[in-house]
Amino acid sequence: MGKFVNPFTDIGFKIIFGQPASKPFLITLLNELLAGEHRIEDLVFLDKEDHAEHVRDKGIIYDLYCRTSTGEYIIVEMQNRWHSHFLDRTLYYVCRAVSRQMENPSSSEVRVPDTPLEGDSVMLMEEEVSYGLRYRLPAVYGVFLMNFKEAGLESKFRTDTVLSDRDSGRVVNRNFRQIYLQFPYFTKDLAECSTLSDKLMYTLKNMNNWNRMPDALKEQVFSHLDRLAAKAHLSEGDRIAYDKAVDRYNVSRIVENNIREQAVAERKVIGKAEGEAEGRLKGRLEIARKLKDNDFSIADIVRIAGLSPEEIDKL
């Protein structure tokens, strides 16, 4: 067992991402994910209505909700293992975050163009501008770190989704973004990680097994993570909670592996049965073909070979 907490446990996730001391690491990670698109200078953590404790299977979903200093909202979620309709739920989470902004409409001052207007025209312009401002929304990002492979996504580590034109691919609305990171597809060795983004992903995937940070991780963010995620720095209460979280995590992985092995075994049994059935069918077809070549009647071939007249006609 390594020196650092496992980020794929609920307590490990909260230690690395969800406490005030986590902000520098979280901001660095998000800026790497949004490089060339947006840069975050600061953020605050917000309370959410849907805490992970409300999910039926505890220890599967851990998430946080935050707002940047420039007004964007970001959901960061760690999904420990697969569940049905995962993509639908992530869409729901992001849409609900968008909807919450409508519950607190912008209080920005209405500005009417300087075009000379009189009387009813001015009033109409003010109403139209004010009505439109109700729907001016900040960007909402959903970042989903996944400890499993999702069949609904392509077989790759990172998938970015946007609202775009189906034909041209042109982005229609930049305020709705989802980023999916499937960690089983991240297979790079540390020597292959040439960017800070790759190093961060490599660290999150492997740090649970380390007794110290590798020498190649020299950036300041990893020194901060070294202090932040070391088990030795946990309080007694956090260490007890973390140990329980690790037990839940290990049990969930065992259950998942058992389910997977059972599914493989069932597929083998079904495949064997299907193979045997296919072999029997081939045998009956061969018998029917010989009977047909010897001018047996269709009725006799049906009775002897156990095939339908339609199957015999195709021979």
# chains A, B, ... in the order shown; residues from 1 in each chain; ligands from 1

call {"tool": "closest_atom_pairs", "arguments": {"of": "stretch 195-291 of chain A", "to": "stretch 25-48 of chain A", "cutoff": "7 Å", "atoms": "only C-alpha atoms", "output": "tab-separated table"}}
result
residue	atom	partner	partner_atom	distance
A:Ser197	CA	A:Glu32	CA	5.5
A:Val221	CA	A:Phe25	CA	6.2
A:Leu225	CA	A:Phe25	CA	6.9

call {"tool": "write_last_selection", "arguments": {"atoms": "all heavy atoms", "output": "mmCIF file, in the first residue's frame"}}
result
data_model
loop_
_atom_site.group_PDB
_atom_site.id
_atom_site.type_symbol
_atom_site.label_atom_id
_atom_site.label_comp_id
_atom_site.auth_asym_id
_atom_site.auth_seq_id
_atom_site.Cartn_x
_atom_site.Cartn_y
_atom_site.Cartn_z
ATOM 1 N N SER A 197 -0.562 18.016 -18.606
ATOM 2 C CA SER A 197 -1.850 17.325 -18.572
ATOM 3 C C SER A 197 -1.657 15.820 -18.462
ATOM 4 O O SER A 197 -2.285 15.152 -17.629
ATOM 5 C CB SER A 197 -2.661 17.658 -19.822
ATOM 6 O OG SER A 197 -3.884 16.953 -19.829
ATOM 7 N N VAL A 221 3.090 21.848 -8.822
ATOM 8 C CA VAL A 221 1.787 21.280 -8.497
ATOM 9 C C VAL A 221 1.932 19.900 -7.863
ATOM 10 O O VAL A 221 1.139 19.507 -6.997
ATOM 11 C CB VAL A 221 0.888 21.207 -9.752
ATOM 12 C CG1 VAL A 221 1.466 20.264 -10.797
ATOM 13 C CG2 VAL A 221 -0.526 20.780 -9.393
ATOM 14 N N LEU A 225 0.663 18.482 -4.321
ATOM 15 C CA LEU A 225 -0.116 17.256 -4.211
ATOM 16 C C LEU A 225 0.539 16.281 -3.237
ATOM 17 O O LEU A 225 -0.150 15.565 -2.506
ATOM 18 C CB LEU A 225 -0.257 16.605 -5.593
ATOM 19 C CG LEU A 225 -1.124 15.345 -5.662
ATOM 20 C CD1 LEU A 225 -2.552 15.646 -5.216
ATOM 21 C CD2 LEU A 225 -1.119 14.771 -7.074
#

call {"tool": "residues_around", "arguments": {"residues": "stretch 304-312 of chain A", "least_positions_apart": "5", "cutoff": "10 Å", "atoms": "only C-alpha atoms", "output": "short mmCIF file (atom, residue, chain, number, x, y, z; two decimals) with C-alpha atoms, in the first residue's frame"}}
result
data_model
loop_
_atom_site.label_atom_id
_atom_site.label_comp_id
_atom_site.auth_asym_id
_atom_site.auth_seq_id
_atom_site.Cartn_x
_atom_site.Cartn_y
_atom_site.Cartn_z
CA LEU A 281 -28.35 -28.10 -37.69
CA GLY A 283 -25.87 -32.44 -39.57
CA ARG A 284 -29.60 -32.32 -40.33
CA LEU A 285 -28.96 -30.20 -43.42
CA GLU A 286 -26.39 -32.71 -44.68
CA ILE A 287 -28.84 -35.59 -44.16
CA ALA A 288 -31.59 -33.65 -45.93
CA ARG A 289 -29.28 -32.86 -48.85
CA LEU A 291 -32.12 -37.53 -49.11
CA LYS A 292 -33.04 -34.87 -51.64
CA ILE A 298 -40.27 -33.36 -49.21
CA ALA A 299 -42.64 -34.93 -46.67
#

call {"tool": "select_by_dssp", "arguments": {"residues": "stretch 111-312 of chain A", "states": "helix (DSSP H, G or I)", "output": "number ranges by chain"}}
result
A: 120-133, 183-185, 190-192, 196-209, 220-229, 231-233, 236-293, 298-305, 309-312

call {"tool": "write_last_selection", "arguments": {"atoms": "C-alpha atoms", "output": "short mmCIF file (atom, residue, chain, number, x, y, z; two decimals), in the first residue's frame"}}
result
data_model
loop_
_atom_site.label_atom_id
_atom_site.label_comp_id
_atom_site.auth_asym_id
_atom_site.auth_seq_id
_atom_site.Cartn_x
_atom_site.Cartn_y
_atom_site.Cartn_z
CA ASP A 120 -43.48 53.25 -27.55
CA SER A 121 -40.35 52.31 -29.53
CA VAL A 122 -38.09 52.99 -26.55
CA MET A 123 -40.38 51.01 -24.23
CA LEU A 124 -40.50 48.09 -26.66
CA MET A 125 -36.71 48.06 -27.03
CA GLU A 126 -36.25 48.06 -23.24
CA GLU A 127 -38.68 45.16 -22.85
CA GLU A 128 -36.97 43.12 -25.57
CA VAL A 129 -33.49 43.69 -24.13
CA SER A 130 -34.68 42.94 -20.60
CA TYR A 131 -36.45 39.76 -21.76
CA GLY A 132 -33.32 38.53 -23.53
CA LEU A 133 -31.11 39.20 -20.51
CA PHE A 183 -8.91 6.20 -17.12
CA PRO A 184 -8.70 2.55 -18.25
CA TYR A 185 -7.73 3.93 -21.67
CA LEU A 190 5.65 8.34 -17.24
CA ALA A 191 8.42 8.60 -19.87
CA GLU A 192 5.72 9.09 -22.51
CA LEU A 196 1.64 18.63 -17.75
CA SER A 197 -1.85 17.33 -18.57
CA ASP A 198 -0.52 13.83 -19.23
CA LYS A 199 1.55 13.92 -16.05
CA LEU A 200 -1.49 14.91 -14.00
CA MET A 201 -3.55 12.05 -15.45
CA TYR A 202 -0.70 9.59 -14.96
CA THR A 203 -0.39 10.69 -11.33
CA LEU A 204 -4.09 10.36 -10.56
CA LYS A 205 -4.15 6.86 -12.03
CA ASN A 206 -1.02 5.57 -10.31
CA MET A 207 -0.33 7.59 -7.15
CA ASN A 208 -2.09 5.13 -4.86
CA ASN A 209 0.78 2.69 -5.43
CA GLN A 220 5.29 22.72 -8.25
CA VAL A 221 1.79 21.28 -8.50
CA PHE A 222 3.15 17.83 -7.65
CA SER A 223 4.95 19.14 -4.57
CA HIS A 224 1.63 20.56 -3.47
CA LEU A 225 -0.12 17.26 -4.21
CA ASP A 226 2.60 15.41 -2.27
CA ARG A 227 1.68 17.37 0.86
CA LEU A 228 -2.04 17.37 0.15
CA ALA A 229 -2.57 13.66 -0.50
CA LYS A 231 -1.88 9.64 4.27
CA ALA A 232 0.49 10.67 7.05
CA HIS A 233 -1.03 14.16 7.00
CA GLU A 236 -7.25 10.57 12.93
CA GLY A 237 -10.89 10.98 11.92
CA ASP A 238 -10.04 11.36 8.23
CA ARG A 239 -7.74 8.33 8.36
CA ILE A 240 -10.50 6.17 9.86
CA ALA A 241 -12.96 7.43 7.24
CA TYR A 242 -10.39 6.87 4.49
CA ASP A 243 -9.68 3.29 5.58
CA LYS A 244 -13.41 2.56 5.46
CA ALA A 245 -13.59 4.17 2.02
CA VAL A 246 -10.76 1.94 0.80
CA ASP A 247 -12.64 -1.11 2.11
CA ARG A 248 -15.75 -0.02 0.17
CA TYR A 249 -13.65 0.60 -2.91
CA ASN A 250 -11.99 -2.82 -2.73
CA VAL A 251 -15.30 -4.58 -2.17
CA SER A 252 -16.85 -2.74 -5.12
CA ARG A 253 -13.94 -3.79 -7.37
CA ILE A 254 -14.26 -7.42 -6.21
CA VAL A 255 -18.00 -7.39 -6.87
CA GLU A 256 -17.44 -5.82 -10.27
CA ASN A 257 -14.79 -8.40 -11.18
CA ASN A 258 -17.07 -11.24 -10.05
CA ILE A 259 -19.90 -9.89 -12.17
CA ARG A 260 -17.58 -9.58 -15.15
CA GLU A 261 -16.23 -13.12 -14.70
CA GLN A 262 -19.75 -14.48 -14.33
CA ALA A 263 -20.81 -12.70 -17.52
CA VAL A 264 -17.82 -14.17 -19.39
CA ALA A 265 -18.66 -17.66 -18.11
CA GLU A 266 -22.30 -17.29 -19.13
CA ARG A 267 -21.25 -16.13 -22.60
CA LYS A 268 -19.03 -19.21 -22.92
CA VAL A 269 -21.90 -21.51 -21.94
CA ILE A 270 -24.24 -19.78 -24.38
CA GLY A 271 -21.58 -19.89 -27.08
CA LYS A 272 -21.01 -23.60 -26.50
CA ALA A 273 -24.75 -24.29 -26.66
CA GLU A 274 -25.10 -22.21 -29.79
CA GLY A 275 -22.14 -24.04 -31.32
CA GLU A 276 -23.65 -27.40 -30.51
CA ALA A 277 -26.99 -26.32 -31.93
CA GLU A 278 -25.29 -25.06 -35.06
CA GLY A 279 -23.48 -28.40 -35.40
CA ARG A 280 -26.73 -30.33 -35.07
CA LEU A 281 -28.35 -28.10 -37.69
CA LYS A 282 -25.47 -28.70 -40.10
CA GLY A 283 -25.87 -32.44 -39.57
CA ARG A 284 -29.60 -32.32 -40.33
CA LEU A 285 -28.96 -30.20 -43.42
CA GLU A 286 -26.39 -32.71 -44.68
CA ILE A 287 -28.84 -35.59 -44.16
CA ALA A 288 -31.59 -33.65 -45.93
CA ARG A 289 -29.28 -32.86 -48.85
CA LYS A 290 -28.45 -36.55 -49.34
CA LEU A 291 -32.12 -37.53 -49.11
CA LYS A 292 -33.04 -34.87 -51.64
CA ASP A 293 -30.27 -36.04 -54.01
CA ILE A 298 -40.27 -33.36 -49.21
CA ALA A 299 -42.64 -34.93 -46.67
CA ASP A 300 -40.22 -37.77 -46.00
CA ILE A 301 -37.25 -35.40 -45.69
CA VAL A 302 -39.20 -33.23 -43.22
CA ARG A 303 -40.02 -36.31 -41.15
CA ILE A 304 -36.51 -37.79 -41.22
CA ALA A 305 -34.31 -34.65 -40.98
CA PRO A 309 -40.08 -27.42 -46.14
CA GLU A 310 -38.68 -23.92 -46.57
CA GLU A 311 -35.26 -24.99 -45.27
CA ILE A 312 -35.29 -27.99 -47.58
#

call {"tool": "atom_distance", "arguments": {"atom1": "atom CA of A:Met213", "atom2": "atom CA of A:Val5"}}
result
12.6 Å

call {"tool": "atom_distance", "arguments": {"atom1": "atom CA of A:Gly142", "atom2": "atom CA of A:Cys95"}}
result
9.8 Å

call {"tool": "residues_around", "arguments": {"residues": "A:Lys14", "least_positions_apart": "4", "cutoff": "9 Å", "atoms": "only C-alpha atoms", "output": "MDAnalysis selection string"}}
result
chainID A and resid 7 9:10 18:19 22 62:64

call {"tool": "atom_distance", "arguments": {"atom1": "atom CA of A:Glu150", "atom2": "atom CA of A:Phe4"}}
result
27.2 Å

call {"tool": "closest_residue", "arguments": {"among": "A:Leu181, A:Val172, A:Leu87, A:Ala216", "to": "A:Ala151", "atoms": "only C-alpha atoms"}}
result
A:Leu87
